Number of protein chains: 2
Amino acid sequence: MSYASIARNDVPVEMMSRDEFEAAIRAVGAERYHDKHPFHKLLHGGKLKKEQVQAWALNRYCYQSAVPRKDAALMSRVHDVALRREWMHRIIDHDGFGDEPGGIERWLVLTDGLGLERDYVMSMRGALPATRFAVEAYVRFVREEPLVVAVASSLTELFAPKIHKERISGMLENYDFIDETVMAYFKRRLNQAPRDADFALEYIKQHARNRDEQEACIAAVRFKCDVLWVQLDALYNAYVEGHIPPGAFRPGETNV
Amino acid sequence: MSYASIARNDVPVEMMSRDEFEAAIRAVGAERYHDKHPFHKLLHGGKLKKEQVQAWALNRYCYQSAVPRKDAALMSRVHDVALRREWMHRIIDHDGFGDEPGGIERWLVLTDGLGLERDYVMSMRGALPATRFAVEAYVRFVREEPLVVAVASSLTELFAPKIHKERISGMLENYDFIDETVMAYFKRRLNQAPRDADFALEYIKQHARNRDEQEACIAAVRFKCDVLWVQLDALYNAYVEGHIPPGAFRPGETNV
């Protein structure tokens, strides 16, 4: 425990040590990351029909396609060239650059492989409203919250490699409509996510200046877990329970 | 003249043809671009003392260092991967990427060459408040205005090659404290600016959908000319007329 402290309602609140801070961030993942969601267990366990995997992939496209806007929103607030240079490769990872395709293109290879029309996926008109609201809440959060808190919201990447590994092996094993090619997105993220997460974790440990900022960073990881969880809740409700809202993707009507 | 038109106060206002629209954009530069400013004539004509060139360079650093934030703000609003990929190289041009230094680094080579301490320049604490307000007005404009209008505000680059050429030859010729090395920033911009301007001009010609949007694009170029002009007005007032505001750079006190 370090002894830097601030007063809150006359009660001094001590800053967490760096190790305590990191442990608190990781505890959010242990409790709330979407690998705990029933929809993921169904997805990885081979329990979904192809149409349900289609619904997952086309909804998740909304999230993928928003990530570079989120990262650009963050960069637009950064006055430090070195931090912008570090953050820029995230945009390149997703959008690609020059001849290099990015993660969004690799995601479309997945939706291609699932038999979905690209125009339909990219229009996002079959996506669930709850998905789109959650995704745009994330973009706004990063644009509006204090910078260190915005950086913290990326830290669900700490928990991503485990879920990506489970997804690659579980989906390849369990679905005959999934092959190595379409899983390229997740394979690439196995290297990208830990590098990014390590940088962001170190950044917030250095830049959260008091207990309030540390707590706001932890809350940002909770918020981000909510953004991910909401998307799976909406999928579960629509495509497992069968309550598909008006206008959303209906299996077999992918080209409308 | 095309015949697409909209009603404004019951008076139909016809859209400009693409050629008329481009001509109107270019007319703004002919009237208002900062190559018309007396400070620039002094700068290029070799009429300034070294301290005055220092003042120009350290104030202009504020602008240079804000440009990638402006471009990231634009990208954060773009839903089209192709447009983001096109815009991304602007950030890389200024921030650099990997081993490649960017325009901001090249600007610091210029301020180094002028004998200014980097820490002092980068702190911006000697910059004129009017400079900083103008620069931040530009970042906010790009973040808040409609996308096509935000893109249009970059179009002062149409007028930049002429001023850069004048600056390179005029400054090399007229100042013994200026050499080829420190002019690297402007030489690089001779290639970068026209490519960017051509793209942005084509974009607004395609995407301004009615006369109001065309007029807003023209106003955006006027606004951007104001952003540039204000900076030279402030320099002229402080360092030619001698009205240096409190806290601003005073020649000979560069390390404070």
# chains A, B, ... in the order shown; residues from 1 in each chain; ligands from 1
call {"tool": "closest_atom_pairs", "arguments": {"of": "chain A", "to": "chain B", "cutoff": "9 Å", "atoms": "only C-alpha atoms", "output": "CSV"}}
result
residue,atom,partner,partner_atom,distance
A:Ser65,CA,B:His79,CA,7.6
A:Ala66,CA,B:His79,CA,7.6
A:Pro68,CA,B:Ser76,CA,7.2
A:Arg69,CA,B:Ser76,CA,4.0
A:Lys70,CA,B:Ser76,CA,6.3
A:Asp71,CA,B:Ser76,CA,7.3
A:Ala72,CA,B:Ser76,CA,4.7
A:Ala73,CA,B:Ser76,CA,4.8
A:Leu74,CA,B:Ala72,CA,8.0
A:Met75,CA,B:Ala72,CA,5.8
A:Ser76,CA,B:Arg69,CA,4.0
A:Arg77,CA,B:Arg69,CA,6.3
A:Val78,CA,B:Arg69,CA,6.9
A:His79,CA,B:Arg69,CA,7.4
A:Asp80,CA,B:Ser65,CA,8.8
A:Val81,CA,B:Asp95,CA,6.1
A:Ala82,CA,B:Asp95,CA,8.2
A:Arg84,CA,B:Asp95,CA,7.5
A:Arg85,CA,B:Phe97,CA,6.1
A:Glu86,CA,B:Phe97,CA,8.6
A:Met88,CA,B:Phe97,CA,8.2
A:His89,CA,B:Phe97,CA,8.6
A:Ile91,CA,B:Met88,CA,8.6
A:Ile92,CA,B:Arg85,CA,8.2
A:Asp95,CA,B:Val81,CA,6.2
A:Gly96,CA,B:Arg85,CA,7.2
A:Phe97,CA,B:Arg85,CA,6.2
A:Gly98,CA,B:Arg85,CA,7.9
A:Ile104,CA,B:Val81,CA,8.5
A:Val139,CA,B:Ser76,CA,8.4
A:Arg143,CA,B:Ser76,CA,8.8
call {"tool": "write_last_selection", "arguments": {"atoms": "C-alpha atoms", "output": "PDB file, in the first residue's frame"}}
result
ATOM      1  CA  SER A  65     -15.986  -1.696 -37.488  1.00  0.00           C
ATOM      2  CA  ALA A  66     -16.322   0.817 -34.625  1.00  0.00           C
ATOM      3  CA  PRO A  68     -10.828   2.230 -35.341  1.00  0.00           C
ATOM      4  CA  ARG A  69     -13.204   5.171 -34.775  1.00  0.00           C
ATOM      5  CA  LYS A  70     -12.802   4.614 -31.052  1.00  0.00           C
ATOM      6  CA  ASP A  71      -9.017   4.561 -31.384  1.00  0.00           C
ATOM      7  CA  ALA A  72      -9.000   7.668 -33.589  1.00  0.00           C
ATOM      8  CA  ALA A  73     -11.212   9.417 -31.011  1.00  0.00           C
ATOM      9  CA  LEU A  74      -8.611   8.609 -28.397  1.00  0.00           C
ATOM     10  CA  MET A  75      -5.737   9.823 -30.596  1.00  0.00           C
ATOM     11  CA  SER A  76      -7.590  13.055 -31.298  1.00  0.00           C
ATOM     12  CA  ARG A  77      -7.222  13.888 -27.604  1.00  0.00           C
ATOM     13  CA  VAL A  78      -3.570  12.958 -27.200  1.00  0.00           C
ATOM     14  CA  HIS A  79      -1.029  15.802 -27.240  1.00  0.00           C
ATOM     15  CA  ASP A  80       1.947  13.476 -26.879  1.00  0.00           C
ATOM     16  CA  VAL A  81       3.397  12.314 -30.214  1.00  0.00           C
ATOM     17  CA  ALA A  82       4.915   9.201 -28.643  1.00  0.00           C
ATOM     18  CA  ARG A  84      -0.161   8.737 -30.637  1.00  0.00           C
ATOM     19  CA  ARG A  85       2.542   6.773 -32.486  1.00  0.00           C
ATOM     20  CA  GLU A  86       2.014   3.850 -30.105  1.00  0.00           C
ATOM     21  CA  MET A  88      -1.737   4.367 -34.277  1.00  0.00           C
ATOM     22  CA  HIS A  89      -0.880   0.750 -34.940  1.00  0.00           C
ATOM     23  CA  ILE A  91      -6.000   1.608 -36.189  1.00  0.00           C
ATOM     24  CA  ILE A  92      -3.723  -0.030 -38.735  1.00  0.00           C
ATOM     25  CA  ASP A  95      -8.263  -0.889 -40.941  1.00  0.00           C
ATOM     26  CA  GLY A  96      -5.117  -2.196 -42.600  1.00  0.00           C
ATOM     27  CA  PHE A  97      -2.733   0.114 -44.406  1.00  0.00           C
ATOM     28  CA  GLY A  98      -1.330   0.105 -47.933  1.00  0.00           C
ATOM     29  CA  ILE A 104     -12.163  -5.695 -40.360  1.00  0.00           C
ATOM     30  CA  VAL A 139     -16.924   5.260 -28.965  1.00  0.00           C
ATOM     31  CA  ARG A 143     -14.140  10.477 -26.790  1.00  0.00           C
TER      32      ARG A 143
END
call {"tool": "select_by_dssp", "arguments": {"residues": "region 19-115 of chain B", "states": "alpha helix (DSSP H)", "output": "PyMOL selection string"}}
result
chain B and resi 19-32+38-44+50-75+81-95+103-113
call {"tool": "residues_around", "arguments": {"residues": "Leu48 (chain A)", "least_positions_apart": "5", "cutoff": "10 Å", "atoms": "only C-alpha atoms", "output": "list of chain:residue names"}}
result
A:Phe39, A:His40, A:Lys41, A:Leu42, A:Leu43, A:Val53, A:Gln54, A:Asn174, A:Tyr175, A:Tyr239, A:Val240
call {"tool": "residues_around", "arguments": {"residues": "Ser123 (chain B)", "least_positions_apart": "2", "cutoff": "12 Å", "atoms": "only C-alpha atoms", "output": "NGL selection string"}}
result
(:A and (79-80)) or (:B and (58-59 or 61-62 or 65 or 116-121 or 125-127 or 249 or 254-256))
call {"tool": "residues_around", "arguments": {"residues": "region 223-231 of chain A", "least_positions_apart": "5", "cutoff": "8 Å", "atoms": "only C-alpha atoms", "output": "list in words"}}
result
Gly29, Arg32, Tyr33, His34, His37, Asn59, Arg60, Ala130, Thr131, Ala134, Val135, Ala137, Tyr138, Ser153, Ser154 and Thr156 of chain A
call {"tool": "residues_around", "arguments": {"residues": "Ile244 (chain B)", "least_positions_apart": "6", "cutoff": "9 Å", "atoms": "only C-alpha atoms", "output": "MDAnalysis selection string"}}
result
chainID B and resid 128 235 237:238 250
